[in-house]
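See below for run.pdb, which holds PDB, C-alpha atoms.
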```
ATOM      1  CA  LYS A   1     -29.036  39.452  90.779  1.00  0.00           C
ATOM      2  CA  ALA A   2     -31.969  37.700  89.123  1.00  0.00           C
ATOM      3  CA  GLY A   3     -34.949  39.846  88.237  1.00  0.00           C
ATOM      4  CA  VAL A   4     -38.614  39.245  88.815  1.00  0.00           C
ATOM      5  CA  THR A   5     -39.664  35.977  87.209  1.00  0.00           C
ATOM      6  CA  GLN A   6     -43.178  35.291  86.055  1.00  0.00           C
ATOM      7  CA  THR A   7     -44.381  31.923  84.854  1.00  0.00           C
ATOM      8  CA  PRO A   8     -45.753  30.912  82.525  1.00  0.00           C
ATOM      9  CA  ARG A   9     -45.104  33.560  79.880  1.00  0.00           C
ATOM     10  CA  TYR A  10     -48.130  32.594  77.830  1.00  0.00           C
ATOM     11  CA  LEU A  11     -51.385  30.835  78.623  1.00  0.00           C
ATOM     12  CA  ILE A  12     -54.480  29.955  76.659  1.00  0.00           C
ATOM     13  CA  LYS A  13     -57.542  28.973  78.651  1.00  0.00           C
ATOM     14  CA  THR A  14     -61.191  28.329  77.962  1.00  0.00           C
ATOM     15  CA  ARG A  15     -64.047  30.317  79.447  1.00  0.00           C
ATOM     16  CA  GLY A  16     -65.112  28.916  82.783  1.00  0.00           C
ATOM     17  CA  GLN A  17     -61.733  27.440  83.609  1.00  0.00           C
ATOM     18  CA  GLN A  18     -59.452  28.707  86.323  1.00  0.00           C
ATOM     19  CA  VAL A  19     -55.826  29.732  86.090  1.00  0.00           C
ATOM     20  CA  THR A  20     -52.892  30.249  88.436  1.00  0.00           C
ATOM     21  CA  LEU A  21     -50.030  32.595  87.656  1.00  0.00           C
ATOM     22  CA  SER A  22     -46.753  32.648  89.536  1.00  0.00           C
ATOM     23  CA  CYS A  23     -44.332  35.408  90.446  1.00  0.00           C
ATOM     24  CA  SER A  24     -40.906  35.046  92.021  1.00  0.00           C
ATOM     25  CA  PRO A  25     -39.645  38.402  93.311  1.00  0.00           C
ATOM     26  CA  ILE A  26     -36.100  39.628  93.420  1.00  0.00           C
ATOM     27  CA  SER A  27     -34.212  38.001  96.269  1.00  0.00           C
ATOM     28  CA  GLY A  28     -34.760  39.970  99.457  1.00  0.00           C
ATOM     29  CA  HIS A  29     -37.876  41.736  98.238  1.00  0.00           C
ATOM     30  CA  ARG A  30     -40.862  41.215 100.475  1.00  0.00           C
ATOM     31  CA  SER A  31     -43.552  43.154  98.639  1.00  0.00           C
ATOM     32  CA  VAL A  32     -45.253  41.760  95.548  1.00  0.00           C
ATOM     33  CA  SER A  33     -47.901  43.607  93.571  1.00  0.00           C
ATOM     34  CA  TRP A  34     -50.018  42.428  90.651  1.00  0.00           C
ATOM     35  CA  TYR A  35     -51.356  44.483  87.753  1.00  0.00           C
ATOM     36  CA  GLN A  36     -53.634  43.733  84.834  1.00  0.00           C
ATOM     37  CA  GLN A  37     -52.834  45.411  81.517  1.00  0.00           C
ATOM     38  CA  THR A  38     -55.384  45.580  78.708  1.00  0.00           C
ATOM     39  CA  PRO A  39     -55.614  47.872  75.669  1.00  0.00           C
ATOM     40  CA  GLY A  40     -58.942  49.255  76.841  1.00  0.00           C
ATOM     41  CA  GLN A  41     -58.420  49.705  80.580  1.00  0.00           C
ATOM     42  CA  GLY A  42     -54.672  50.184  80.656  1.00  0.00           C
ATOM     43  CA  LEU A  43     -52.757  49.155  83.760  1.00  0.00           C
ATOM     44  CA  GLN A  44     -54.890  48.408  86.770  1.00  0.00           C
ATOM     45  CA  PHE A  45     -53.795  47.419  90.247  1.00  0.00           C
ATOM     46  CA  LEU A  46     -55.012  44.038  91.437  1.00  0.00           C
ATOM     47  CA  PHE A  47     -53.450  43.536  94.874  1.00  0.00           C
ATOM     48  CA  GLU A  48     -50.300  43.783  96.935  1.00  0.00           C
ATOM     49  CA  TYR A  49     -48.811  41.279  99.342  1.00  0.00           C
ATOM     50  CA  PHE A  50     -46.211  41.837 102.017  1.00  0.00           C
ATOM     51  CA  SER A  51     -44.930  39.148 104.329  1.00  0.00           C
ATOM     52  CA  GLU A  52     -47.735  36.792 103.312  1.00  0.00           C
ATOM     53  CA  THR A  53     -50.450  39.357 104.052  1.00  0.00           C
ATOM     54  CA  GLN A  54     -52.591  41.174 101.546  1.00  0.00           C
ATOM     55  CA  ARG A  55     -52.063  44.853 102.270  1.00  0.00           C
ATOM     56  CA  ASN A  56     -53.993  46.429  99.472  1.00  0.00           C
ATOM     57  CA  LYS A  57     -56.604  45.399  96.940  1.00  0.00           C
ATOM     58  CA  GLY A  58     -57.885  46.934  93.730  1.00  0.00           C
ATOM     59  CA  ASN A  59     -61.417  46.966  92.368  1.00  0.00           C
ATOM     60  CA  PHE A  60     -61.632  43.511  90.885  1.00  0.00           C
ATOM     61  CA  PRO A  61     -64.285  40.845  91.472  1.00  0.00           C
ATOM     62  CA  GLY A  62     -63.743  38.075  93.967  1.00  0.00           C
ATOM     63  CA  ARG A  63     -62.816  35.715  91.132  1.00  0.00           C
ATOM     64  CA  PHE A  64     -59.368  37.292  91.356  1.00  0.00           C
ATOM     65  CA  SER A  65     -57.386  36.163  94.345  1.00  0.00           C
ATOM     66  CA  GLY A  66     -53.805  35.828  95.383  1.00  0.00           C
ATOM     67  CA  ARG A  67     -51.456  34.671  98.043  1.00  0.00           C
ATOM     68  CA  GLN A  68     -47.869  34.996  99.087  1.00  0.00           C
ATOM     69  CA  PHE A  69     -45.651  32.311 100.497  1.00  0.00           C
ATOM     70  CA  SER A  70     -43.023  32.540 103.203  1.00  0.00           C
ATOM     71  CA  ASN A  71     -40.281  32.840 100.575  1.00  0.00           C
ATOM     72  CA  SER A  72     -42.124  35.879  99.141  1.00  0.00           C
ATOM     73  CA  ARG A  73     -43.151  34.079  95.977  1.00  0.00           C
ATOM     74  CA  SER A  74     -46.670  34.976  95.008  1.00  0.00           C
ATOM     75  CA  GLU A  75     -49.447  33.406  93.020  1.00  0.00           C
ATOM     76  CA  MET A  76     -52.606  34.886  91.655  1.00  0.00           C
ATOM     77  CA  ASN A  77     -55.641  32.864  90.736  1.00  0.00           C
ATOM     78  CA  VAL A  78     -58.533  33.705  88.476  1.00  0.00           C
ATOM     79  CA  SER A  79     -61.542  31.425  88.680  1.00  0.00           C
ATOM     80  CA  THR A  80     -64.405  31.052  86.225  1.00  0.00           C
ATOM     81  CA  LEU A  81     -62.499  32.803  83.465  1.00  0.00           C
ATOM     82  CA  GLU A  82     -64.294  35.275  81.225  1.00  0.00           C
ATOM     83  CA  LEU A  83     -63.260  36.547  77.797  1.00  0.00           C
ATOM     84  CA  GLY A  84     -62.589  39.937  79.365  1.00  0.00           C
ATOM     85  CA  ASP A  85     -59.909  38.458  81.571  1.00  0.00           C
ATOM     86  CA  SER A  86     -57.626  38.205  78.551  1.00  0.00           C
ATOM     87  CA  ALA A  87     -54.748  40.491  79.426  1.00  0.00           C
ATOM     88  CA  LEU A  88     -51.104  40.837  80.264  1.00  0.00           C
ATOM     89  CA  TYR A  89     -50.648  40.231  83.977  1.00  0.00           C
ATOM     90  CA  LEU A  90     -47.641  41.967  85.458  1.00  0.00           C
ATOM     91  CA  CYS A  91     -46.019  41.313  88.770  1.00  0.00           C
ATOM     92  CA  ALA A  92     -43.778  43.805  90.550  1.00  0.00           C
ATOM     93  CA  SER A  93     -41.601  43.397  93.598  1.00  0.00           C
ATOM     94  CA  SER A  94     -40.011  45.885  95.938  1.00  0.00           C
ATOM     95  CA  TRP A  95     -37.870  45.701  99.025  1.00  0.00           C
ATOM     96  CA  ASP A  96     -40.189  47.513 101.336  1.00  0.00           C
ATOM     97  CA  ARG A  97     -42.461  50.496 101.179  1.00  0.00           C
ATOM     98  CA  GLY A  98     -40.351  52.609 103.463  1.00  0.00           C
ATOM     99  CA  LEU A  99     -36.808  52.789 102.283  1.00  0.00           C
ATOM    100  CA  ASN A 100     -37.190  51.859  98.692  1.00  0.00           C
ATOM    101  CA  THR A 101     -40.326  52.464  96.736  1.00  0.00           C
ATOM    102  CA  GLU A 102     -38.910  51.377  93.413  1.00  0.00           C
ATOM    103  CA  ALA A 103     -40.914  48.520  91.952  1.00  0.00           C
ATOM    104  CA  PHE A 104     -39.199  46.066  89.614  1.00  0.00           C
ATOM    105  CA  PHE A 105     -41.477  44.389  87.124  1.00  0.00           C
ATOM    106  CA  GLY A 106     -41.443  40.970  85.559  1.00  0.00           C
ATOM    107  CA  GLN A 107     -42.051  40.362  81.863  1.00  0.00           C
ATOM    108  CA  GLY A 108     -45.618  39.380  82.474  1.00  0.00           C
ATOM    109  CA  THR A 109     -47.893  36.484  81.690  1.00  0.00           C
ATOM    110  CA  ARG A 110     -50.028  36.867  78.584  1.00  0.00           C
ATOM    111  CA  LEU A 111     -53.378  35.201  79.289  1.00  0.00           C
ATOM    112  CA  THR A 112     -55.771  34.543  76.442  1.00  0.00           C
ATOM    113  CA  VAL A 113     -59.263  33.309  77.242  1.00  0.00           C
ATOM    114  CA  VAL A 114     -61.132  31.681  74.351  1.00  0.00           C
TER     115      VAL A 114
ATOM    116  CA  ALA B   1     -59.370  59.217  94.140  1.00  0.00           C
ATOM    117  CA  GLN B   2     -56.183  59.810  92.251  1.00  0.00           C
ATOM    118  CA  THR B   3     -56.080  59.958  88.467  1.00  0.00           C
ATOM    119  CA  VAL B   4     -53.216  60.227  86.002  1.00  0.00           C
ATOM    120  CA  THR B   5     -53.715  61.580  82.501  1.00  0.00           C
ATOM    121  CA  GLN B   6     -51.412  61.326  79.528  1.00  0.00           C
ATOM    122  CA  SER B   7     -52.938  63.321  76.705  1.00  0.00           C
ATOM    123  CA  GLN B   8     -50.562  62.225  73.950  1.00  0.00           C
ATOM    124  CA  PRO B   9     -51.365  58.669  72.791  1.00  0.00           C
ATOM    125  CA  GLU B  10     -48.556  58.681  70.225  1.00  0.00           C
ATOM    126  CA  MET B  11     -45.468  60.732  69.542  1.00  0.00           C
ATOM    127  CA  SER B  12     -42.485  60.491  67.260  1.00  0.00           C
ATOM    128  CA  VAL B  13     -39.058  62.101  67.272  1.00  0.00           C
ATOM    129  CA  GLN B  14     -35.975  61.994  65.111  1.00  0.00           C
ATOM    130  CA  GLU B  15     -32.921  60.299  66.495  1.00  0.00           C
ATOM    131  CA  ALA B  16     -30.685  62.694  68.472  1.00  0.00           C
ATOM    132  CA  GLU B  17     -33.496  65.201  68.978  1.00  0.00           C
ATOM    133  CA  THR B  18     -35.343  66.086  72.172  1.00  0.00           C
ATOM    134  CA  VAL B  19     -38.914  65.128  72.988  1.00  0.00           C
ATOM    135  CA  THR B  20     -41.199  65.918  75.916  1.00  0.00           C
ATOM    136  CA  LEU B  21     -43.992  63.663  77.110  1.00  0.00           C
ATOM    137  CA  SER B  22     -46.799  65.209  79.141  1.00  0.00           C
ATOM    138  CA  CYS B  23     -48.514  63.958  82.257  1.00  0.00           C
ATOM    139  CA  THR B  24     -51.005  65.549  84.604  1.00  0.00           C
ATOM    140  CA  TYR B  25     -52.442  64.061  87.737  1.00  0.00           C
ATOM    141  CA  ASP B  26     -55.106  64.787  90.258  1.00  0.00           C
ATOM    142  CA  THR B  27     -54.776  64.175  93.970  1.00  0.00           C
ATOM    143  CA  SER B  28     -55.611  65.733  97.287  1.00  0.00           C
ATOM    144  CA  GLU B  29     -52.493  64.224  98.833  1.00  0.00           C
ATOM    145  CA  ASN B  30     -49.529  66.411  99.680  1.00  0.00           C
ATOM    146  CA  ASN B  31     -46.925  63.681  99.879  1.00  0.00           C
ATOM    147  CA  TYR B  32     -46.525  61.206  97.078  1.00  0.00           C
ATOM    148  CA  TYR B  33     -44.224  59.792  94.438  1.00  0.00           C
ATOM    149  CA  LEU B  34     -44.355  60.188  90.687  1.00  0.00           C
ATOM    150  CA  PHE B  35     -42.720  57.868  88.214  1.00  0.00           C
ATOM    151  CA  TRP B  36     -42.074  57.421  84.538  1.00  0.00           C
ATOM    152  CA  TYR B  37     -41.925  53.826  83.373  1.00  0.00           C
ATOM    153  CA  LYS B  38     -40.878  52.580  79.958  1.00  0.00           C
ATOM    154  CA  GLN B  39     -42.381  49.465  78.372  1.00  0.00           C
ATOM    155  CA  PRO B  40     -40.546  48.349  75.224  1.00  0.00           C
ATOM    156  CA  PRO B  41     -41.950  45.657  72.904  1.00  0.00           C
ATOM    157  CA  SER B  42     -40.441  43.039  75.216  1.00  0.00           C
ATOM    158  CA  ARG B  43     -43.188  44.123  77.705  1.00  0.00           C
ATOM    159  CA  GLN B  44     -40.730  44.516  80.571  1.00  0.00           C
ATOM    160  CA  MET B  45     -41.725  47.596  82.550  1.00  0.00           C
ATOM    161  CA  ILE B  46     -38.606  49.560  83.384  1.00  0.00           C
ATOM    162  CA  LEU B  47     -38.349  52.501  85.771  1.00  0.00           C
ATOM    163  CA  VAL B  48     -36.996  55.558  83.985  1.00  0.00           C
ATOM    164  CA  ILE B  49     -37.133  58.211  86.676  1.00  0.00           C
ATOM    165  CA  ARG B  50     -38.717  58.931  90.057  1.00  0.00           C
ATOM    166  CA  GLN B  51     -39.741  62.163  91.738  1.00  0.00           C
ATOM    167  CA  GLU B  52     -40.688  62.654  95.366  1.00  0.00           C
ATOM    168  CA  ALA B  53     -43.291  65.356  95.761  1.00  0.00           C
ATOM    169  CA  TYR B  54     -41.620  67.038  98.719  1.00  0.00           C
ATOM    170  CA  LYS B  55     -38.460  67.618  96.682  1.00  0.00           C
ATOM    171  CA  GLN B  56     -38.567  70.816  94.680  1.00  0.00           C
ATOM    172  CA  GLN B  57     -35.585  69.889  92.549  1.00  0.00           C
ATOM    173  CA  ASN B  58     -36.471  68.133  89.328  1.00  0.00           C
ATOM    174  CA  ALA B  59     -35.120  64.598  89.028  1.00  0.00           C
ATOM    175  CA  THR B  60     -32.556  63.793  86.330  1.00  0.00           C
ATOM    176  CA  GLU B  61     -31.202  60.476  85.112  1.00  0.00           C
ATOM    177  CA  ASN B  62     -28.678  60.849  82.296  1.00  0.00           C
ATOM    178  CA  ARG B  63     -30.675  61.831  79.186  1.00  0.00           C
ATOM    179  CA  PHE B  64     -33.968  61.790  81.055  1.00  0.00           C
ATOM    180  CA  SER B  65     -35.254  64.669  83.134  1.00  0.00           C
ATOM    181  CA  VAL B  66     -38.594  65.778  84.469  1.00  0.00           C
ATOM    182  CA  ASN B  67     -40.364  69.076  84.871  1.00  0.00           C
ATOM    183  CA  PHE B  68     -42.345  68.723  88.084  1.00  0.00           C
ATOM    184  CA  GLN B  69     -44.878  71.459  88.720  1.00  0.00           C
ATOM    185  CA  LYS B  70     -46.600  70.520  91.975  1.00  0.00           C
ATOM    186  CA  ALA B  71     -49.103  73.349  92.036  1.00  0.00           C
ATOM    187  CA  ALA B  72     -50.147  72.651  88.472  1.00  0.00           C
ATOM    188  CA  LYS B  73     -50.050  68.885  89.100  1.00  0.00           C
ATOM    189  CA  SER B  74     -47.926  68.392  86.052  1.00  0.00           C
ATOM    190  CA  PHE B  75     -45.065  65.937  85.580  1.00  0.00           C
ATOM    191  CA  SER B  76     -43.519  65.927  82.105  1.00  0.00           C
ATOM    192  CA  LEU B  77     -40.621  63.795  80.901  1.00  0.00           C
ATOM    193  CA  LYS B  78     -37.926  65.190  78.644  1.00  0.00           C
ATOM    194  CA  ILE B  79     -35.758  62.813  76.673  1.00  0.00           C
ATOM    195  CA  SER B  80     -32.646  64.425  75.238  1.00  0.00           C
ATOM    196  CA  ASP B  81     -30.527  63.020  72.424  1.00  0.00           C
ATOM    197  CA  SER B  82     -33.207  60.439  71.596  1.00  0.00           C
ATOM    198  CA  GLN B  83     -31.943  56.992  70.669  1.00  0.00           C
ATOM    199  CA  LEU B  84     -33.574  54.171  68.719  1.00  0.00           C
ATOM    200  CA  GLY B  85     -33.651  52.150  71.923  1.00  0.00           C
ATOM    201  CA  ASP B  86     -35.942  54.735  73.481  1.00  0.00           C
ATOM    202  CA  THR B  87     -38.756  53.488  71.259  1.00  0.00           C
ATOM    203  CA  ALA B  88     -41.347  52.202  73.716  1.00  0.00           C
ATOM    204  CA  MET B  89     -44.561  52.967  75.509  1.00  0.00           C
ATOM    205  CA  TYR B  90     -44.072  55.394  78.384  1.00  0.00           C
ATOM    206  CA  PHE B  91     -46.290  55.414  81.433  1.00  0.00           C
ATOM    207  CA  CYS B  92     -46.613  58.105  84.030  1.00  0.00           C
ATOM    208  CA  ALA B  93     -47.533  56.734  87.465  1.00  0.00           C
ATOM    209  CA  PHE B  94     -48.529  58.010  90.900  1.00  0.00           C
ATOM    210  CA  MET B  95     -48.163  56.430  94.305  1.00  0.00           C
ATOM    211  CA  LYS B  96     -49.085  57.722  97.740  1.00  0.00           C
ATOM    212  CA  HIS B  97     -46.192  58.214 100.131  1.00  0.00           C
ATOM    213  CA  TRP B  98     -45.892  55.247 102.438  1.00  0.00           C
ATOM    214  CA  ALA B  99     -45.440  57.304 105.575  1.00  0.00           C
ATOM    215  CA  TYR B 100     -48.698  59.146 105.102  1.00  0.00           C
ATOM    216  CA  SER B 101     -50.977  56.435 103.896  1.00  0.00           C
ATOM    217  CA  SER B 102     -51.727  52.803 104.471  1.00  0.00           C
ATOM    218  CA  ASN B 103     -52.714  52.550 100.824  1.00  0.00           C
ATOM    219  CA  THR B 104     -49.215  51.801  99.635  1.00  0.00           C
ATOM    220  CA  GLY B 105     -47.764  49.566  97.004  1.00  0.00           C
ATOM    221  CA  LYS B 106     -50.382  50.766  94.544  1.00  0.00           C
ATOM    222  CA  LEU B 107     -49.221  52.498  91.419  1.00  0.00           C
ATOM    223  CA  ILE B 108     -51.837  54.436  89.491  1.00  0.00           C
ATOM    224  CA  PHE B 109     -50.883  54.592  85.840  1.00  0.00           C
ATOM    225  CA  GLY B 110     -51.791  56.887  82.993  1.00  0.00           C
ATOM    226  CA  GLN B 111     -52.935  55.432  79.680  1.00  0.00           C
ATOM    227  CA  GLY B 112     -49.452  55.638  78.207  1.00  0.00           C
ATOM    228  CA  THR B 113     -47.732  57.401  75.332  1.00  0.00           C
ATOM    229  CA  THR B 114     -46.226  55.399  72.496  1.00  0.00           C
ATOM    230  CA  LEU B 115     -42.951  56.972  71.465  1.00  0.00           C
ATOM    231  CA  GLN B 116     -41.354  56.158  68.129  1.00  0.00           C
ATOM    232  CA  VAL B 117     -37.766  57.252  67.570  1.00  0.00           C
ATOM    233  CA  LYS B 118     -37.016  57.488  63.863  1.00  0.00           C
ATOM    234  CA  PRO B 119     -33.552  57.070  62.340  1.00  0.00           C
TER     235      PRO B 119
END
```
Let me see the file written as structure tokens.
Amino acid sequence: KAGVTQTPRYLIKTRGQQVTLSCSPISGHRSVSWYQQTPGQGLQFLFEYFSETQRNKGNFPGRFSGRQFSNSRSEMNVSTLELGDSALYLCASSWDRGLNTEAFFGQGTRLTVV
Amino acid sequence: AQTVTQSQPEMSVQEAETVTLSCTYDTSENNYYLFWYKQPPSRQMILVIRQEAYKQQNATENRFSVNFQKAAKSFSLKISDSQLGDTAMYFCAFMKHWAYSSNTGKLIFGQGTTLQVKP
């Protein structure tokens, strides 16, 4: 069974640009969550999608957005990039919140903003 | 709001020995899940062990076991017979129980403990 796939693995962007990151969950998983990992702030929850609906959102500015498609694949978008957005972005998928709360993580996308 | 605290930024242990990583958390919830995740240099976050708060029995997975003290809000991880492959950053995490909260799918992580296993 394939794991959670995040693309691209690495990105370098310039301040002011926008970026889109992609996450393909494990087959059959309907929940996708996104996390930002930085040395200073640690791991912080961005948002969670389930069946194309955002169920939960962390405390990030509106520049951070996401969506989920009918095949459960998810994308997150960051507009007007700032230097502080440089981070490892992790995606996690799970079957459903009820029967299985185990989240499987991808290897992340390392975003560098210059 | 829930918080998770890992007070040991770095630890080291000799191969084959036992090490315990500490984690405390703060919550007003009665039903929740606690997790230990491992993040090796490859960055892949891997679930090590999971504990459901309503279960009094401590979870065990092979060489990994936890000491869950609900009243003290403490959730430590014990690694027995440490192996070189255990070298990684370990994160303690909290999540509200889905049946008691709409705020699900959100893991709250501690700051992590870097564990070095020495040969």
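Nearest-residue note for chain B: choosing from A:Leu81, A:Leu21, A:Ile12, A:Leu43, the minimum distance belongs to A:Leu43, counting all atoms listed in the file.
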Counting all atoms listed in the file, which residues of chain A fall within 7 Å of chain B, and what is the closest atom pair for each with its distance in Å at one decimal, ordered by chain and rising number, as CSV?
```
residue,atom,partner,partner_atom,distance
A:Ser33,CA,B:Gly105,CA,6.9
A:Gly42,CA,B:Gln111,CA,5.6
A:Leu43,CA,B:Phe109,CA,6.1
A:Phe45,CA,B:Lys106,CA,6.4
A:Glu48,CA,B:Gly105,CA,6.3
A:Asn56,CA,B:Asn103,CA,6.4
A:Arg97,CA,B:Trp98,CA,6.0
A:Gly98,CA,B:Trp98,CA,6.2
A:Phe105,CA,B:Met45,CA,5.6
A:Gly106,CA,B:Gln44,CA,6.2
A:Gln107,CA,B:Gln44,CA,4.5
```
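Restricting the calculation to all atoms listed in the file, the smallest distance between Gly16 (chain A) and any of A:Val114, A:Leu46, A:Leu90, A:Ala2 is found for A:Val114.
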Name all residues at most 9 Å from Pro41 (chain B) (count only C-alpha atoms; drop same-chain ones fewer than 5 positions away) and give them as a list in words.
-> Thr87, Ala88 and Met89 of chain B
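The coordinates place CA of His29 (chain A) at 26.2 Å from CA of Leu11 (chain A).
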Skipping near chain neighbours, those fewer than 4 positions away, what residues fall within 6 Å of region 74-80 of chain A using only C-alpha atoms, listed as number ranges by chain?
-> A: 16-23, 63-68
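From CA of Lys57 (chain A) back to CA of Phe68 (chain B), the distance works out to 28.7 Å.
Every residue that the PyMOL selection byres ((chain A and resi 108) around 7) selects in this file is listed here: A:Gln6, A:Arg9, A:Leu88, A:Tyr89, A:Leu90, A:Cys91, A:Gly106, A:Gln107, A:Thr109, A:Arg110.
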Which polymer residues have any atom within 8 Å of an atom of Ser31 (chain A), counting all atoms listed in the file, with same-chain residues fewer than 3 positions away left out, as JSON, numbers by chain?
-> {"A": [48, 49, 50, 51, 72, 93, 94, 95, 96, 97], "B": [105]}
Fewer than 3 positions away in the same chain doesn't count, so skip those; otherwise give me all residues within 12 Å of Ser12 (chain B), counting all atoms listed in the file, as JSON, numbers by chain.
-> {"B": [8, 9, 15, 17, 18, 19, 20, 21, 79, 82, 83, 84, 86, 87, 88, 89, 113, 114, 115, 116, 117, 118, 119]}
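CA of Gln57 (chain B) to CA of Gln69 (chain B) spans 10.2 Å [interatomic distance, one decimal].
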For Ala87 (chain A), list every protein, DNA or RNA residue within 9 Å, evaluated using all atoms listed in the file, and leave out those in the same chain fewer than 3 positions away; present the list as a list in words.
-> Gln36, Gln37, Thr38, Pro39, Gly84, Thr109, Arg110, Leu111, Thr112 and Val113 of chain A
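Within the file as shown, the PyMOL selection byres ((chain B and resi 61-65) around 6) identifies Ala59, Thr60, Val66, Leu77, Lys78, Ile79 and Ser80 of chain B.
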Enclose all atoms of region 59-72 of chain A listed in the file in an axis-aligned box, grow every side by 3 Å, and hand back centre and edge lengths in Å to one decimal, as JSON.
```
{"center_x": -52.3, "center_y": 39.6, "center_z": 97.0, "size_x": 30.0, "size_y": 20.7, "size_z": 18.3}
```
What does the PyMOL selection byres ((chain B and resi 72) around 12) select in this file, as a PyMOL selection string?
-> chain B and resi 23-27+67-71+73-76
Mind writing the picked residues with C-alpha atoms as a short mmCIF file (atom, residue, chain, number, x, y, z; two decimals), in the coordinates of the input?
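Here's the written file part03.cif:
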```
data_model
loop_
_atom_site.label_atom_id
_atom_site.label_comp_id
_atom_site.auth_asym_id
_atom_site.auth_seq_id
_atom_site.Cartn_x
_atom_site.Cartn_y
_atom_site.Cartn_z
CA CYS B 23 -48.51 63.96 82.26
CA THR B 24 -51.00 65.55 84.60
CA TYR B 25 -52.44 64.06 87.74
CA ASP B 26 -55.11 64.79 90.26
CA THR B 27 -54.78 64.18 93.97
CA ASN B 67 -40.36 69.08 84.87
CA PHE B 68 -42.34 68.72 88.08
CA GLN B 69 -44.88 71.46 88.72
CA LYS B 70 -46.60 70.52 91.98
CA ALA B 71 -49.10 73.35 92.04
CA LYS B 73 -50.05 68.89 89.10
CA SER B 74 -47.93 68.39 86.05
CA PHE B 75 -45.06 65.94 85.58
CA SER B 76 -43.52 65.93 82.10
#
```
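Comparing B:Ser7, B:Gly85, B:Cys92, B:Ser28 by their smallest distance to Val48 (chain B), the closest is B:Cys92 (using only C-alpha atoms).
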Save region 52-93 of chain B of the structure in the block above to a file, with C-alpha atoms included, as a PDB file, in the first residue's frame.
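As written to disk, decode_11.pdb reads:
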```pdb
ATOM      1  CA  GLU B  52      -6.496   6.329  24.756  1.00  0.00           C
ATOM      2  CA  ALA B  53      -7.207   8.292  27.899  1.00  0.00           C
ATOM      3  CA  TYR B  54     -10.104   6.125  29.031  1.00  0.00           C
ATOM      4  CA  LYS B  55      -7.865   3.051  29.084  1.00  0.00           C
ATOM      5  CA  GLN B  56      -6.023   2.628  32.351  1.00  0.00           C
ATOM      6  CA  GLN B  57      -3.635   0.043  30.971  1.00  0.00           C
ATOM      7  CA  ASN B  58      -0.413   1.476  29.625  1.00  0.00           C
ATOM      8  CA  ALA B  59       0.147   0.900  25.915  1.00  0.00           C
ATOM      9  CA  THR B  60       3.064  -1.266  24.773  1.00  0.00           C
ATOM     10  CA  GLU B  61       4.529  -1.830  21.330  1.00  0.00           C
ATOM     11  CA  ASN B  62       7.507  -4.190  21.355  1.00  0.00           C
ATOM     12  CA  ARG B  63      10.411  -2.242  22.903  1.00  0.00           C
ATOM     13  CA  PHE B  64       8.304   0.863  23.413  1.00  0.00           C
ATOM     14  CA  SER B  65       6.005   1.395  26.363  1.00  0.00           C
ATOM     15  CA  VAL B  66       4.374   4.344  28.040  1.00  0.00           C
ATOM     16  CA  ASN B  67       3.692   5.371  31.597  1.00  0.00           C
ATOM     17  CA  PHE B  68       0.358   7.171  31.458  1.00  0.00           C
ATOM     18  CA  GLN B  69      -0.589   9.044  34.606  1.00  0.00           C
ATOM     19  CA  LYS B  70      -3.918  10.708  33.840  1.00  0.00           C
ATOM     20  CA  ALA B  71      -4.295  12.570  37.106  1.00  0.00           C
ATOM     21  CA  ALA B  72      -0.791  13.961  36.846  1.00  0.00           C
ATOM     22  CA  LYS B  73      -1.239  14.598  33.107  1.00  0.00           C
ATOM     23  CA  SER B  74       1.979  12.820  32.380  1.00  0.00           C
ATOM     24  CA  PHE B  75       2.775  10.560  29.431  1.00  0.00           C
ATOM     25  CA  SER B  76       6.353   9.275  29.318  1.00  0.00           C
ATOM     26  CA  LEU B  77       7.867   6.960  26.722  1.00  0.00           C
ATOM     27  CA  LYS B  78      10.255   4.187  27.678  1.00  0.00           C
ATOM     28  CA  ILE B  79      12.488   2.683  25.036  1.00  0.00           C
ATOM     29  CA  SER B  80      14.078  -0.594  26.071  1.00  0.00           C
ATOM     30  CA  ASP B  81      17.104  -2.196  24.438  1.00  0.00           C
ATOM     31  CA  SER B  82      17.845   1.004  22.504  1.00  0.00           C
ATOM     32  CA  GLN B  83      19.019   0.536  18.935  1.00  0.00           C
ATOM     33  CA  LEU B  84      20.967   2.833  16.621  1.00  0.00           C
ATOM     34  CA  GLY B  85      17.861   3.116  14.469  1.00  0.00           C
ATOM     35  CA  ASP B  86      16.020   4.723  17.365  1.00  0.00           C
ATOM     36  CA  THR B  87      18.079   7.870  16.845  1.00  0.00           C
ATOM     37  CA  ALA B  88      15.495  10.507  15.963  1.00  0.00           C
ATOM     38  CA  MET B  89      13.434  13.373  17.250  1.00  0.00           C
ATOM     39  CA  TYR B  90      10.496  12.213  19.353  1.00  0.00           C
ATOM     40  CA  PHE B  91       7.292  14.180  19.637  1.00  0.00           C
ATOM     41  CA  CYS B  92       4.558  13.777  22.178  1.00  0.00           C
ATOM     42  CA  ALA B  93       1.130  14.736  20.818  1.00  0.00           C
TER      43      ALA B  93
END
```
